[in-house]
$ cat target-v3.txt   # compact mmCIF, N, CA, C and O atoms and all ligand atoms
# COMPACT_ATOMS: atom_id res chain seq x y z
N MET A 1 317.51 48.91 349.44
CA MET A 1 317.28 48.83 348.02
C MET A 1 316.07 49.67 347.65
O MET A 1 316.20 50.85 347.45
N SER A 2 314.86 49.09 347.63
CA SER A 2 313.80 49.91 347.07
C SER A 2 312.65 50.20 348.02
O SER A 2 312.08 49.30 348.62
N LEU A 3 312.41 51.47 348.14
CA LEU A 3 311.19 51.98 348.75
C LEU A 3 310.51 52.69 347.60
O LEU A 3 310.98 53.71 347.11
N ASN A 4 309.45 52.11 347.09
CA ASN A 4 308.85 52.60 345.85
C ASN A 4 307.80 53.66 346.13
O ASN A 4 306.91 53.44 346.95
N LYS A 5 307.88 54.77 345.43
CA LYS A 5 306.83 55.78 345.51
C LYS A 5 305.54 55.17 345.02
O LYS A 5 305.53 54.47 344.00
N GLN A 6 304.48 55.42 345.73
CA GLN A 6 303.18 54.87 345.36
C GLN A 6 302.78 55.37 343.98
O GLN A 6 302.85 56.56 343.71
N SER A 7 302.39 54.45 343.10
CA SER A 7 302.00 54.87 341.76
C SER A 7 300.62 54.37 341.36
O SER A 7 300.04 54.82 340.40
N GLY A 8 300.09 53.40 342.09
CA GLY A 8 298.78 52.87 341.76
C GLY A 8 297.68 53.74 342.33
O GLY A 8 297.94 54.74 342.98
N ASN A 9 296.45 53.33 342.11
CA ASN A 9 295.34 54.12 342.64
C ASN A 9 294.47 53.32 343.60
O ASN A 9 293.38 53.75 343.96
N MET A 10 294.94 52.17 344.04
CA MET A 10 294.15 51.36 344.95
C MET A 10 294.01 52.03 346.32
O MET A 10 292.93 52.08 346.89
N TYR A 11 295.13 52.53 346.83
CA TYR A 11 295.13 53.22 348.12
C TYR A 11 295.81 54.58 347.94
O TYR A 11 297.02 54.69 348.11
N PRO A 12 295.06 55.61 347.60
CA PRO A 12 295.68 56.91 347.33
C PRO A 12 296.40 57.52 348.54
O PRO A 12 297.26 58.38 348.38
N PHE A 13 296.07 57.06 349.73
CA PHE A 13 296.70 57.61 350.94
C PHE A 13 298.08 57.01 351.21
O PHE A 13 298.83 57.49 352.04
N VAL A 14 298.43 55.94 350.50
CA VAL A 14 299.74 55.31 350.67
C VAL A 14 300.80 56.14 349.97
O VAL A 14 300.60 56.60 348.85
N THR A 15 301.94 56.37 350.65
CA THR A 15 303.01 57.14 350.02
C THR A 15 304.01 56.25 349.29
O THR A 15 304.62 56.67 348.31
N HIS A 16 304.21 55.02 349.81
CA HIS A 16 305.20 54.12 349.24
C HIS A 16 304.73 52.67 349.35
O HIS A 16 303.88 52.35 350.18
N THR A 17 305.36 51.82 348.55
CA THR A 17 305.16 50.38 348.70
C THR A 17 306.53 49.74 348.93
O THR A 17 307.56 50.30 348.55
N ARG A 18 306.49 48.58 349.53
CA ARG A 18 307.75 47.90 349.83
C ARG A 18 307.50 46.39 349.84
O ARG A 18 306.51 45.93 350.41
N ASN A 19 308.42 45.63 349.22
CA ASN A 19 308.22 44.19 349.09
C ASN A 19 309.49 43.40 349.40
O ASN A 19 310.07 42.78 348.51
N PRO A 20 309.89 43.39 350.66
CA PRO A 20 311.08 42.59 351.01
C PRO A 20 310.83 41.08 350.92
O PRO A 20 311.75 40.31 350.74
N ILE A 21 309.57 40.68 351.07
CA ILE A 21 309.19 39.29 350.80
C ILE A 21 308.47 39.35 349.46
O ILE A 21 307.50 40.09 349.31
N ARG A 22 308.94 38.60 348.51
CA ARG A 22 308.46 38.83 347.15
C ARG A 22 308.39 37.58 346.28
O ARG A 22 308.79 36.52 346.66
N ASP A 23 307.93 37.85 345.11
CA ASP A 23 307.76 36.86 344.03
C ASP A 23 306.53 36.00 344.27
O ASP A 23 305.54 36.50 344.70
N HIS A 24 306.59 34.73 344.02
CA HIS A 24 305.39 33.87 343.95
C HIS A 24 304.48 34.05 345.17
O HIS A 24 304.87 33.75 346.30
N CYS A 25 303.26 34.51 344.93
CA CYS A 25 302.28 34.59 346.02
C CYS A 25 301.53 33.26 346.07
O CYS A 25 300.96 32.83 345.06
N PRO A 26 301.51 32.61 347.23
CA PRO A 26 300.87 31.30 347.33
C PRO A 26 299.39 31.30 346.99
O PRO A 26 298.85 30.26 346.61
N HIS A 27 298.71 32.41 347.10
CA HIS A 27 297.26 32.41 346.88
C HIS A 27 296.87 32.33 345.40
O HIS A 27 295.84 31.78 345.06
N GLN A 28 297.66 32.91 344.54
CA GLN A 28 297.39 32.84 343.09
C GLN A 28 295.95 33.22 342.73
O GLN A 28 295.25 32.49 342.00
N CYS A 29 295.50 34.35 343.22
CA CYS A 29 294.15 34.84 342.91
C CYS A 29 294.01 35.10 341.41
O CYS A 29 294.96 35.59 340.77
N THR A 30 292.87 34.81 340.87
CA THR A 30 292.68 34.95 339.42
C THR A 30 292.78 36.40 338.96
O THR A 30 293.22 36.67 337.85
N HIS A 31 292.40 37.35 339.81
CA HIS A 31 292.38 38.75 339.43
C HIS A 31 293.70 39.48 339.75
O HIS A 31 293.80 40.68 339.55
N CYS A 32 294.71 38.79 340.24
CA CYS A 32 295.93 39.45 340.74
C CYS A 32 296.68 40.19 339.64
O CYS A 32 296.98 39.63 338.59
N TYR A 33 297.04 41.44 339.92
CA TYR A 33 297.79 42.24 338.94
C TYR A 33 299.20 41.70 338.72
O TYR A 33 299.83 41.97 337.70
N MET A 34 299.71 40.90 339.65
CA MET A 34 301.06 40.37 339.53
C MET A 34 301.16 39.27 338.46
O MET A 34 302.26 38.90 338.07
N LYS A 35 300.03 38.79 338.01
CA LYS A 35 300.05 37.72 337.01
C LYS A 35 300.71 38.16 335.71
O LYS A 35 301.17 37.34 334.93
N LYS A 36 300.76 39.45 335.47
CA LYS A 36 301.38 39.92 334.23
C LYS A 36 302.91 39.97 334.31
O LYS A 36 303.58 40.21 333.33
N PHE A 37 303.43 39.73 335.53
CA PHE A 37 304.88 39.74 335.71
C PHE A 37 305.39 38.31 335.87
O PHE A 37 304.74 37.48 336.48
N ARG A 38 306.55 38.08 335.34
CA ARG A 38 307.20 36.79 335.51
C ARG A 38 307.93 36.83 336.85
O ARG A 38 308.79 37.68 337.06
N VAL A 39 307.59 35.94 337.75
CA VAL A 39 308.22 35.95 339.07
C VAL A 39 308.80 34.58 339.41
O VAL A 39 308.38 33.56 338.86
N GLY A 40 309.73 34.58 340.33
CA GLY A 40 310.35 33.32 340.76
C GLY A 40 309.69 32.81 342.04
O GLY A 40 308.55 33.13 342.34
N ASN A 41 310.45 32.04 342.79
CA ASN A 41 309.94 31.47 344.03
C ASN A 41 309.79 32.54 345.11
O ASN A 41 310.51 33.54 345.11
N LEU A 42 308.89 32.29 346.02
CA LEU A 42 308.71 33.17 347.16
C LEU A 42 310.04 33.25 347.92
O LEU A 42 310.68 32.23 348.17
N ARG A 43 310.45 34.48 348.23
CA ARG A 43 311.77 34.62 348.88
C ARG A 43 311.86 35.90 349.68
O ARG A 43 311.06 36.81 349.50
N LEU A 44 312.86 35.95 350.54
CA LEU A 44 313.18 37.15 351.30
C LEU A 44 314.34 37.84 350.60
O LEU A 44 315.38 37.20 350.36
N GLU A 45 314.18 39.11 350.25
CA GLU A 45 315.24 39.86 349.58
C GLU A 45 316.08 40.56 350.64
O GLU A 45 315.68 41.58 351.20
N GLU A 46 317.26 39.99 350.91
CA GLU A 46 318.13 40.52 351.98
C GLU A 46 318.56 41.96 351.72
O GLU A 46 318.75 42.73 352.66
N LYS A 47 318.69 42.33 350.46
CA LYS A 47 319.14 43.70 350.13
C LYS A 47 318.14 44.74 350.62
O LYS A 47 318.50 45.90 350.80
N GLU A 48 316.91 44.34 350.83
CA GLU A 48 315.88 45.27 351.30
C GLU A 48 316.14 45.77 352.72
O GLU A 48 315.54 46.74 353.16
N PHE A 49 317.05 45.11 353.42
CA PHE A 49 317.29 45.49 354.81
C PHE A 49 318.42 46.50 354.95
O PHE A 49 319.03 46.63 356.02
N THR A 50 318.68 47.21 353.87
CA THR A 50 319.58 48.37 353.93
C THR A 50 318.83 49.62 353.49
O THR A 50 319.40 50.70 353.43
N THR A 51 317.57 49.49 353.20
CA THR A 51 316.76 50.61 352.71
C THR A 51 316.40 51.56 353.83
O THR A 51 315.95 51.14 354.89
N ASN A 52 316.62 52.85 353.59
CA ASN A 52 316.18 53.87 354.52
C ASN A 52 314.68 54.09 354.30
O ASN A 52 314.27 54.54 353.24
N LEU A 53 313.89 53.79 355.30
CA LEU A 53 312.44 53.92 355.16
C LEU A 53 311.93 55.32 355.47
O LEU A 53 310.73 55.58 355.35
N GLY A 54 312.84 56.21 355.84
CA GLY A 54 312.44 57.60 356.09
C GLY A 54 311.55 57.72 357.31
O GLY A 54 311.54 56.87 358.19
N ASN A 55 310.78 58.79 357.33
CA ASN A 55 309.84 58.96 358.43
C ASN A 55 308.60 59.68 357.93
O ASN A 55 308.62 60.32 356.88
N SER A 56 307.54 59.54 358.66
CA SER A 56 306.23 60.12 358.33
C SER A 56 305.66 59.62 357.00
O SER A 56 304.86 60.31 356.38
N ASN A 57 306.12 58.45 356.57
CA ASN A 57 305.56 57.85 355.36
C ASN A 57 304.44 56.88 355.74
O ASN A 57 304.36 56.42 356.89
N LEU A 58 303.61 56.59 354.77
CA LEU A 58 302.61 55.53 354.95
C LEU A 58 302.93 54.45 353.92
O LEU A 58 302.69 54.64 352.73
N ILE A 59 303.53 53.39 354.39
CA ILE A 59 304.12 52.38 353.50
C ILE A 59 303.28 51.10 353.49
O ILE A 59 303.02 50.51 354.54
N PHE A 60 302.88 50.71 352.30
CA PHE A 60 302.15 49.45 352.10
C PHE A 60 303.20 48.36 351.93
O PHE A 60 303.88 48.29 350.92
N ILE A 61 303.33 47.53 352.95
CA ILE A 61 304.31 46.45 352.91
C ILE A 61 303.63 45.17 352.43
O ILE A 61 302.66 44.72 353.03
N GLY A 62 304.15 44.64 351.36
CA GLY A 62 303.56 43.43 350.80
C GLY A 62 302.50 43.74 349.76
O GLY A 62 301.45 43.10 349.73
N SER A 63 302.80 44.67 348.89
CA SER A 63 301.83 45.03 347.86
C SER A 63 301.82 44.03 346.70
O SER A 63 300.94 44.07 345.86
N SER A 64 302.82 43.13 346.67
CA SER A 64 302.89 42.20 345.54
C SER A 64 302.80 40.74 345.95
O SER A 64 302.88 39.85 345.10
N THR A 65 302.65 40.48 347.23
CA THR A 65 302.42 39.11 347.70
C THR A 65 301.85 39.20 349.11
O THR A 65 301.92 40.24 349.75
N ASP A 66 301.27 38.12 349.58
CA ASP A 66 300.73 38.11 350.94
C ASP A 66 301.84 37.65 351.88
O ASP A 66 302.15 36.46 351.96
N ILE A 67 302.43 38.60 352.59
CA ILE A 67 303.56 38.25 353.46
C ILE A 67 303.11 37.44 354.68
O ILE A 67 303.94 36.94 355.43
N TRP A 68 301.81 37.33 354.88
CA TRP A 68 301.28 36.57 356.02
C TRP A 68 300.75 35.20 355.58
O TRP A 68 300.11 34.50 356.36
N ALA A 69 301.03 34.83 354.36
CA ALA A 69 300.58 33.51 353.88
C ALA A 69 301.26 32.41 354.70
O ALA A 69 302.38 32.60 355.21
N THR A 70 300.61 31.30 354.81
CA THR A 70 301.13 30.18 355.60
C THR A 70 302.53 29.77 355.14
O THR A 70 303.37 29.35 355.95
N GLU A 71 302.81 29.90 353.87
CA GLU A 71 304.08 29.46 353.29
C GLU A 71 305.25 30.37 353.64
O GLU A 71 306.40 30.00 353.43
N VAL A 72 304.98 31.56 354.16
CA VAL A 72 306.06 32.51 354.48
C VAL A 72 306.68 32.12 355.83
O VAL A 72 305.95 31.91 356.81
N LEU A 73 307.99 32.04 355.86
CA LEU A 73 308.67 31.64 357.10
C LEU A 73 308.50 32.71 358.18
O LEU A 73 308.60 33.90 357.91
N SER A 74 308.27 32.27 359.41
CA SER A 74 308.08 33.19 360.53
C SER A 74 309.29 34.10 360.73
O SER A 74 309.14 35.27 361.06
N GLU A 75 310.48 33.57 360.53
CA GLU A 75 311.67 34.41 360.73
C GLU A 75 311.76 35.53 359.71
O GLU A 75 312.31 36.59 360.00
N TRP A 76 311.20 35.34 358.52
CA TRP A 76 311.16 36.42 357.53
C TRP A 76 310.26 37.54 358.04
O TRP A 76 310.61 38.71 357.95
N ILE A 77 309.11 37.16 358.55
CA ILE A 77 308.16 38.16 359.03
C ILE A 77 308.75 38.90 360.23
O ILE A 77 308.69 40.13 360.32
N ARG A 78 309.35 38.16 361.13
CA ARG A 78 309.95 38.76 362.32
C ARG A 78 311.05 39.76 361.92
O ARG A 78 311.10 40.88 362.43
N LYS A 79 311.87 39.38 360.99
CA LYS A 79 312.95 40.26 360.54
C LYS A 79 312.39 41.53 359.92
O LYS A 79 312.84 42.64 360.19
N LEU A 80 311.37 41.36 359.10
CA LEU A 80 310.73 42.50 358.44
C LEU A 80 310.12 43.46 359.48
O LEU A 80 310.32 44.67 359.42
N LEU A 81 309.42 42.91 360.46
CA LEU A 81 308.78 43.76 361.46
C LEU A 81 309.81 44.47 362.33
O LEU A 81 309.66 45.65 362.65
N GLU A 82 310.85 43.77 362.70
CA GLU A 82 311.90 44.39 363.53
C GLU A 82 312.56 45.54 362.77
O GLU A 82 312.88 46.57 363.35
N TYR A 83 312.77 45.35 361.49
CA TYR A 83 313.39 46.41 360.69
C TYR A 83 312.49 47.63 360.59
O TYR A 83 312.94 48.76 360.74
N THR A 84 311.20 47.41 360.35
CA THR A 84 310.27 48.54 360.20
C THR A 84 310.14 49.34 361.50
O THR A 84 309.91 50.54 361.47
N GLU A 85 310.33 48.67 362.63
CA GLU A 85 310.20 49.36 363.92
C GLU A 85 311.30 50.41 364.13
O GLU A 85 311.20 51.26 365.01
N ASN A 86 312.34 50.36 363.31
CA ASN A 86 313.43 51.34 363.42
C ASN A 86 313.06 52.69 362.82
O ASN A 86 313.82 53.65 362.95
N TYR A 87 311.94 52.76 362.14
CA TYR A 87 311.54 53.97 361.42
C TYR A 87 310.17 54.43 361.88
O TYR A 87 309.27 53.62 362.11
N ASN A 88 310.02 55.75 361.96
CA ASN A 88 308.77 56.33 362.45
C ASN A 88 307.80 56.56 361.30
O ASN A 88 307.65 57.68 360.81
N ASN A 89 307.21 55.48 360.83
CA ASN A 89 306.25 55.53 359.73
C ASN A 89 304.97 54.84 360.16
O ASN A 89 304.90 54.20 361.21
N THR A 90 303.99 54.90 359.30
CA THR A 90 302.77 54.12 359.45
C THR A 90 302.82 53.04 358.37
O THR A 90 303.19 53.33 357.23
N TYR A 91 302.46 51.81 358.75
CA TYR A 91 302.56 50.70 357.81
C TYR A 91 301.19 50.07 357.56
O TYR A 91 300.41 49.88 358.49
N LEU A 92 300.96 49.78 356.31
CA LEU A 92 299.73 49.09 355.92
C LEU A 92 300.07 47.66 355.53
O LEU A 92 300.97 47.43 354.73
N PHE A 93 299.35 46.72 356.14
CA PHE A 93 299.49 45.31 355.79
C PHE A 93 298.14 44.81 355.32
O PHE A 93 297.10 45.27 355.80
N GLN A 94 298.17 43.85 354.43
CA GLN A 94 296.94 43.28 353.90
C GLN A 94 297.16 41.77 353.78
O GLN A 94 298.23 41.33 353.36
N THR A 95 296.16 41.00 354.17
CA THR A 95 296.36 39.55 354.14
C THR A 95 295.05 38.78 354.00
O THR A 95 293.98 39.30 354.35
N LYS A 96 295.18 37.57 353.54
CA LYS A 96 294.06 36.64 353.54
C LYS A 96 294.10 35.78 354.79
O LYS A 96 293.26 34.89 354.95
N ASN A 97 295.07 35.98 355.66
CA ASN A 97 295.23 35.20 356.89
C ASN A 97 295.17 36.09 358.13
O ASN A 97 296.06 36.04 358.98
N PRO A 98 294.15 36.92 358.29
CA PRO A 98 294.16 37.85 359.43
C PRO A 98 294.10 37.16 360.78
O PRO A 98 294.73 37.62 361.72
N ILE A 99 293.40 36.08 360.88
CA ILE A 99 293.27 35.39 362.17
C ILE A 99 294.42 34.42 362.38
O ILE A 99 295.09 34.43 363.41
N GLU A 100 294.67 33.58 361.36
CA GLU A 100 295.66 32.52 361.52
C GLU A 100 297.07 33.05 361.70
O GLU A 100 297.88 32.45 362.39
N ARG A 101 297.40 34.18 361.09
CA ARG A 101 298.80 34.59 361.08
C ARG A 101 299.00 36.00 361.64
O ARG A 101 299.75 36.19 362.58
N LEU A 102 298.35 36.98 361.06
CA LEU A 102 298.59 38.38 361.44
C LEU A 102 298.30 38.62 362.92
O LEU A 102 299.07 39.29 363.60
N SER A 103 297.23 38.04 363.44
CA SER A 103 296.86 38.30 364.83
C SER A 103 297.94 37.84 365.80
O SER A 103 298.11 38.41 366.87
N LEU A 104 298.71 36.82 365.44
CA LEU A 104 299.79 36.35 366.31
C LEU A 104 300.84 37.43 366.52
O LEU A 104 301.39 37.58 367.59
N TYR A 105 301.09 38.19 365.48
CA TYR A 105 302.12 39.21 365.55
C TYR A 105 301.61 40.49 366.20
O TYR A 105 302.35 41.21 366.85
N VAL A 106 300.33 40.75 366.02
CA VAL A 106 299.74 41.94 366.65
C VAL A 106 299.74 41.77 368.16
O VAL A 106 299.95 42.72 368.90
N THR A 107 299.53 40.55 368.62
CA THR A 107 299.47 40.31 370.05
C THR A 107 300.85 40.04 370.66
O THR A 107 300.98 39.78 371.83
N GLY A 108 301.88 40.13 369.86
CA GLY A 108 303.24 39.95 370.35
C GLY A 108 303.86 38.72 369.74
O GLY A 108 303.30 37.65 369.74
N TYR A 109 305.04 38.92 369.17
CA TYR A 109 305.70 37.80 368.50
C TYR A 109 307.02 37.47 369.15
O TYR A 109 307.49 38.17 370.00
S1 LIG A 201 296.75 37.61 347.75
FE1 LIG A 201 297.14 39.54 346.66
S2 LIG A 201 299.21 39.32 345.89
FE2 LIG A 201 298.49 37.28 346.43
S3 LIG A 201 297.68 36.42 344.52
FE3 LIG A 201 295.99 37.34 345.67
S4 LIG A 201 295.82 39.43 344.86
FE4 LIG A 201 297.82 38.64 344.28
$ encode --input "target-v3.txt" --output "structure tokens" --more "lines below"
Ligand code: SF4
Amino acid sequence: MSLNKQSGNMYPFVTHTRNPIRDHCPHQCTHCYMKKFRVGNLRLEEKEFTTNLGNSNLIFIGSSTDIWATEVLSEWIRKLLEYTENYNNTYLFQTKNPIERLSLYVTGY
């Protein structure tokens, strides 16, 4: 479905953004840019797993929610990571759970 060309100015080195896990972010930060959008429940968008991610891109995955939040199902994260491994890109992840969640996947999931 969608591999979005980067349009913001937060990370100028990013070429694309991608949000297969989307909608309600559990953190609800007061400054979040997503607050201006009406979103539903946190969910995995299955259609995202037909997207050609290309190659040599720098893709920010999870630009609209924290995909490493405690509320995100482990199987969603595993599916997302396995899919991204099929493409020769560089991926940027950002989280408020670097120790509790992200480190588990970096060390092998
Ligand atoms: S963690 Fe990021 S996406 Fe989630 S509410 Fe905070 S600013 Fe928004």
$ atom_distance --input "target-v3.txt" --atom1 "atom CA of Arg78 of chain A" --atom2 "atom CA of Asp66 of chain A"
14.7 Å
$ residues_near_ligand --input "target-v3.txt" --ligand "ligand LIG 201 (chain A)" --cutoff "12 Å" --atoms "only C-alpha atoms and all ligand atoms" --output "VMD selection string"
chain A and resid 19 21 to 37 39 42 61 to 71 93 to 98
$ select_by_dssp --input "target-v3.txt" --residues "chain A" --states "strand (DSSP E)" --output "list in words"
Asn4, Lys5, His16, Thr17, Arg18, Ile21, Arg22, Arg43, Leu44, Leu58, Ile59, Phe60, Ile61, Thr90, Tyr91 and Leu92 of chain A
$ atom_distance --input "target-v3.txt" --atom1 "atom N of Leu80 of chain A" --atom2 "atom C of Asn9 of chain A"
25.9 Å
$ residues_around --input "target-v3.txt" --residues "His16 of chain A" --least-positions-apart "6" --cutoff "7 Å" --atoms "only N, CA, C and O atoms" --output "list in words"
Leu3, Asn4, Lys5, Gln6, Ser7, Asn57, Leu58, Ile59, Phe60 and Ile61 of chain A
$ atom_distance --input "target-v3.txt" --atom1 "atom CA of Tyr105 of chain A" --atom2 "atom CA of Pro12 of chain A"
26.2 Å
$ axis_aligned_box --input "target-v3.txt" --around "segment 55-70 of chain A" --padding-each-side "6 Å" --output "JSON"
{"center_x": 305.4, "center_y": 44.8, "center_z": 351.9, "size_x": 22.7, "size_y": 43.0, "size_z": 25.6}
$ residues_around --input "target-v3.txt" --residues "Thr51 of chain A" --least-positions-apart "5" --cutoff "10 Å" --atoms "only C-alpha atoms" --output "list in words"
Met1, Ser2, Leu3, Arg18, Pro20 and Tyr83 of chain A
$ select_by_dssp --input "target-v3.txt" --residues "chain A" --states "helix (DSSP H, G or I)" --output "list of chain:residue names"
A:Tyr33, A:Met34, A:Lys35, A:Lys36, A:Glu46, A:Lys47, A:Glu48, A:Phe49, A:Thr50, A:Ser74, A:Glu75, A:Trp76, A:Ile77, A:Arg78, A:Lys79, A:Leu80, A:Leu81, A:Glu82, A:Tyr83, A:Thr84, A:Pro98, A:Ile99, A:Glu100, A:Arg101, A:Leu102, A:Ser103, A:Leu104, A:Tyr105, A:Val106
